[in-house]
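**Student:** I'd like to ask some things about the structure below.
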Amino acid sequence: MKIEVWSDIMCPFCYIGKRRLENALEKFPFADNVEVVWKSFLLNPDMVTDPNKSTLQYLSETKGWSMAQTQQITEQVVHMAKGEGLSYHMDRTVVANAKNAHRLLQWAKSIGRGGEMKERLLRAYFTEGANIDDFATLVRLAVEVGLDADKAHEVLESDVFSAEMESDIYESRLMGVRGVPFFVLDRKYGISGAQPQEVFEQSILKAWKEHVKENPVMQIQGSDANSCDIDGNC
């Protein structure tokens, strides 16, 4: 079964939603039969990278909030992230266009490292305050998840994987996705936003039951001992 996730690297709720999905899958007895596919989405495709400006400053300027208001609002998100074991440092996050990071993610996904690259990019942005539009930084992050530095340079210095990124974004529009994170389970059920973990658990189980009905497996030899049924009973 496939779970597709549209999200942006600069979206604080996307990291929270990612962790809640993963925690739900850890409790799902058939998680080895679930493939998670990370899709690109750009909340602000025209954002101009400015490593000298923090996200807090940017939000204050664009939303018309005072810095005190901005800090109060973002602190709520920081607290929510902490509940999932994530450490956000919003005062260190850098204003950066995410297109190149998404192209790097698309390349990583094409060679089976999409999940690792997505996690590393999110942690770099929200926890480490890294500039995710800086090529040297992106290459370093790619190497840290086991990717080739020269190939990463080649990807970033060209326009490759832009089409794959745009294809994800176009697909999200066709599906009516207006905000992220957005999760699609087996092309049947959608979850919008970083919902509580229980919502993910229930939706995964529901989608799995239908998936099994529509994709019957071959007869399996042996007894039901040491196994789990589709309802999660073991």
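Residue numbers start at 1 in each chain; chains themselves are named A, B, ... in the order of the structure tokens; ligands are numbered from 1 in the order shown.
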Can I get the residues of segment 2-112 of chain A within 10 Å of segment 183-206 of chain A, each with the closest pair of atoms and their distance in Å to one decimal, using only C-alpha atoms, sorted chain first then ascending number, as a tab-separated table?

**Tutor:**
residue	atom	partner	partner_atom	distance
A:Lys2	CA	A:Asp186	CA	5.2
A:Ile3	CA	A:Leu185	CA	4.6
A:Glu4	CA	A:Val184	CA	5.1
A:Val5	CA	A:Phe183	CA	4.6
A:Trp6	CA	A:Phe183	CA	6.5
A:Ser7	CA	A:Phe183	CA	8.8
A:Pro12	CA	A:Ala194	CA	9.6
A:Phe13	CA	A:Ala194	CA	5.9
A:Cys14	CA	A:Ala194	CA	6.8
A:Tyr15	CA	A:Ala194	CA	8.5
A:Ile16	CA	A:Ala194	CA	6.2
A:Gly17	CA	A:Ala194	CA	4.1
A:Lys18	CA	A:Ala194	CA	7.9
A:Arg19	CA	A:Gln197	CA	9.0
A:Arg20	CA	A:Gln197	CA	5.2
A:Leu21	CA	A:Phe200	CA	6.1
A:Glu22	CA	A:Gln197	CA	9.1
A:Asn23	CA	A:Gln197	CA	7.3
A:Ala24	CA	A:Glu201	CA	5.2
A:Leu25	CA	A:Glu201	CA	7.3
A:Glu26	CA	A:Glu201	CA	9.7
A:Lys27	CA	A:Glu201	CA	7.9
A:Phe28	CA	A:Glu201	CA	7.5
A:Pro29	CA	A:Leu205	CA	9.8
A:Phe30	CA	A:Leu205	CA	9.5
A:Ala31	CA	A:Ile204	CA	9.6
A:Val34	CA	A:Ile204	CA	9.4
A:Glu35	CA	A:Asp186	CA	9.8
A:Val36	CA	A:Leu185	CA	9.3
A:Val37	CA	A:Phe183	CA	9.8
A:Trp38	CA	A:Phe183	CA	9.6
A:Lys39	CA	A:Phe183	CA	9.7
A:Glu84	CA	A:Gln197	CA	9.9

**Student:** Out of segment 78-108 of chain A, which residues get helix (DSSP H, G or I) from DSSP, as a PyMOL selection string?

**Tutor:** chain A and resi 78-82+99-108

**Student:** Those selected residues, please, written with all heavy atoms and delivered as a short mmCIF file (atom, residue, chain, number, x, y, z; two decimals), in the first residue's frame.

**Tutor:**
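The resulting file, out15.cif, is shown below:
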data_model
loop_
_atom_site.label_atom_id
_atom_site.label_comp_id
_atom_site.auth_asym_id
_atom_site.auth_seq_id
_atom_site.Cartn_x
_atom_site.Cartn_y
_atom_site.Cartn_z
N VAL A 78 6.19 25.51 18.26
CA VAL A 78 7.39 24.92 18.88
C VAL A 78 6.98 23.92 19.96
O VAL A 78 7.54 22.83 20.08
CB VAL A 78 8.29 26.02 19.49
CG1 VAL A 78 9.40 25.41 20.32
CG2 VAL A 78 8.87 26.90 18.39
N HIS A 79 5.96 24.29 20.74
CA HIS A 79 5.48 23.41 21.80
C HIS A 79 4.87 22.14 21.21
O HIS A 79 5.09 21.03 21.74
CB HIS A 79 4.44 24.14 22.64
CG HIS A 79 3.89 23.32 23.76
ND1 HIS A 79 4.61 23.03 24.91
CD2 HIS A 79 2.66 22.73 23.92
CE1 HIS A 79 3.87 22.29 25.71
NE2 HIS A 79 2.68 22.10 25.14
N MET A 80 4.12 22.29 20.13
CA MET A 80 3.51 21.14 19.47
C MET A 80 4.60 20.19 18.94
O MET A 80 4.50 18.97 19.07
CB MET A 80 2.62 21.60 18.32
CG MET A 80 1.86 20.46 17.63
SD MET A 80 0.92 21.02 16.18
CE MET A 80 -0.26 22.12 16.97
N ALA A 81 5.64 20.77 18.35
CA ALA A 81 6.74 19.96 17.82
C ALA A 81 7.45 19.21 18.94
O ALA A 81 7.82 18.04 18.78
CB ALA A 81 7.72 20.86 17.07
N LYS A 82 7.63 19.89 20.05
CA LYS A 82 8.31 19.27 21.19
C LYS A 82 7.57 18.03 21.65
O LYS A 82 8.17 17.04 22.08
CB LYS A 82 8.42 20.27 22.34
CG LYS A 82 9.26 19.78 23.51
CD LYS A 82 9.41 20.87 24.56
CE LYS A 82 10.28 20.39 25.73
NZ LYS A 82 10.44 21.45 26.77
N LYS A 99 13.04 25.61 -3.68
CA LYS A 99 13.01 24.87 -4.95
C LYS A 99 14.21 23.94 -5.12
O LYS A 99 14.06 22.77 -5.52
CB LYS A 99 12.95 25.85 -6.12
CG LYS A 99 11.59 26.50 -6.32
CD LYS A 99 11.58 27.39 -7.54
CE LYS A 99 10.21 28.03 -7.74
NZ LYS A 99 10.19 28.94 -8.92
N ASN A 100 15.41 24.42 -4.84
CA ASN A 100 16.59 23.58 -5.03
C ASN A 100 16.60 22.41 -4.06
O ASN A 100 17.03 21.30 -4.41
CB ASN A 100 17.86 24.42 -4.89
CG ASN A 100 18.07 25.35 -6.07
OD1 ASN A 100 17.93 24.95 -7.22
ND2 ASN A 100 18.37 26.61 -5.80
N ALA A 101 16.12 22.65 -2.85
CA ALA A 101 16.04 21.56 -1.88
C ALA A 101 15.05 20.50 -2.36
O ALA A 101 15.29 19.30 -2.19
CB ALA A 101 15.62 22.11 -0.52
N HIS A 102 13.96 20.94 -2.97
CA HIS A 102 12.98 19.98 -3.49
C HIS A 102 13.55 19.21 -4.68
O HIS A 102 13.27 18.01 -4.84
CB HIS A 102 11.70 20.71 -3.90
CG HIS A 102 10.75 20.92 -2.76
ND1 HIS A 102 10.01 19.90 -2.20
CD2 HIS A 102 10.43 22.05 -2.06
CE1 HIS A 102 9.27 20.38 -1.22
NE2 HIS A 102 9.50 21.69 -1.11
N ARG A 103 14.34 19.87 -5.51
CA ARG A 103 14.96 19.14 -6.63
C ARG A 103 15.93 18.09 -6.09
O ARG A 103 16.01 16.97 -6.62
CB ARG A 103 15.70 20.12 -7.55
CG ARG A 103 14.77 21.01 -8.35
CD ARG A 103 15.48 21.67 -9.53
NE ARG A 103 16.62 22.47 -9.12
CZ ARG A 103 17.89 22.16 -9.37
NH1 ARG A 103 18.20 21.05 -10.02
NH2 ARG A 103 18.86 22.97 -8.96
N LEU A 104 16.66 18.44 -5.05
CA LEU A 104 17.56 17.48 -4.42
C LEU A 104 16.76 16.31 -3.86
O LEU A 104 17.17 15.14 -3.98
CB LEU A 104 18.36 18.16 -3.32
CG LEU A 104 19.52 17.35 -2.71
CD1 LEU A 104 20.65 17.20 -3.72
CD2 LEU A 104 20.04 18.03 -1.45
N LEU A 105 15.64 16.60 -3.25
CA LEU A 105 14.77 15.57 -2.71
C LEU A 105 14.26 14.65 -3.82
O LEU A 105 14.20 13.43 -3.66
CB LEU A 105 13.60 16.20 -1.97
CG LEU A 105 12.50 15.26 -1.46
CD1 LEU A 105 13.05 14.29 -0.43
CD2 LEU A 105 11.34 16.07 -0.88
N GLN A 106 13.89 15.24 -4.95
CA GLN A 106 13.40 14.44 -6.08
C GLN A 106 14.48 13.49 -6.57
O GLN A 106 14.19 12.32 -6.90
CB GLN A 106 12.95 15.36 -7.21
CG GLN A 106 11.69 16.16 -6.93
CD GLN A 106 10.44 15.31 -6.92
OE1 GLN A 106 10.42 14.18 -7.43
NE2 GLN A 106 9.37 15.83 -6.35
N TRP A 107 15.72 13.96 -6.62
CA TRP A 107 16.82 13.08 -7.02
C TRP A 107 17.00 11.96 -6.01
O TRP A 107 17.12 10.78 -6.38
CB TRP A 107 18.12 13.88 -7.16
CG TRP A 107 19.34 13.01 -7.24
CD1 TRP A 107 19.55 11.99 -8.14
CD2 TRP A 107 20.50 13.07 -6.41
NE1 TRP A 107 20.79 11.42 -7.90
CE2 TRP A 107 21.38 12.06 -6.86
CE3 TRP A 107 20.88 13.89 -5.35
CZ2 TRP A 107 22.62 11.84 -6.25
CZ3 TRP A 107 22.11 13.68 -4.75
CH2 TRP A 107 22.97 12.66 -5.20
N ALA A 108 17.01 12.31 -4.74
CA ALA A 108 17.17 11.30 -3.68
C ALA A 108 16.05 10.27 -3.77
O ALA A 108 16.27 9.06 -3.60
CB ALA A 108 17.19 11.98 -2.32
#

**Student:** Quick one: pick out all strand (DSSP E or B) residues within segment 44-230 of chain A from a backbone DSSP run and write them as a PyMOL selection string.

**Tutor:** chain A and resi 50-54+94-95+182-185+189-192

**Student:** Just give me the gap between atom CA of Ala98 of chain A and atom CA of Glu61 of chain A in Å, one decimal is fine.

**Tutor:**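 About the pair atom CA of Ala98 of chain A and atom CA of Glu61 of chain A: they are 19.6 Å apart.
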
**Student:** Go through A:Leu43, A:Leu56, A:Val139, A:Met175 and flag the residue nearest His153 of chain A, using only C-alpha atoms for the distances.

**Tutor:**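 Looking only at the distances to His153 of chain A, the closest residue turns out to be A:Val139.
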
**Student:** From the options A:Leu86, A:Leu147, A:Val180, A:Ala142, which residue's atoms come nearest to Phe126 of chain A, counting only C-alpha atoms?

**Tutor:**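 Using only C-alpha atoms, Phe126 of chain A sits closest to A:Leu86.
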
**Student:** Atom CA of Asp50 of chain A and atom CA of Leu138 of chain A, how far apart in Å?

**Tutor:**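 Atom CA of Asp50 of chain A lies 16.0 Å from atom CA of Leu138 of chain A.
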
**Student:** From the set A:Met117, A:Val77, A:Met67, A:Val155, which residue has the shortest atom-to-atom contact distance to Val143 of chain A, counting only C-alpha atoms?

**Tutor:**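 Among the listed residues, A:Met117 lies closest to Val143 of chain A.
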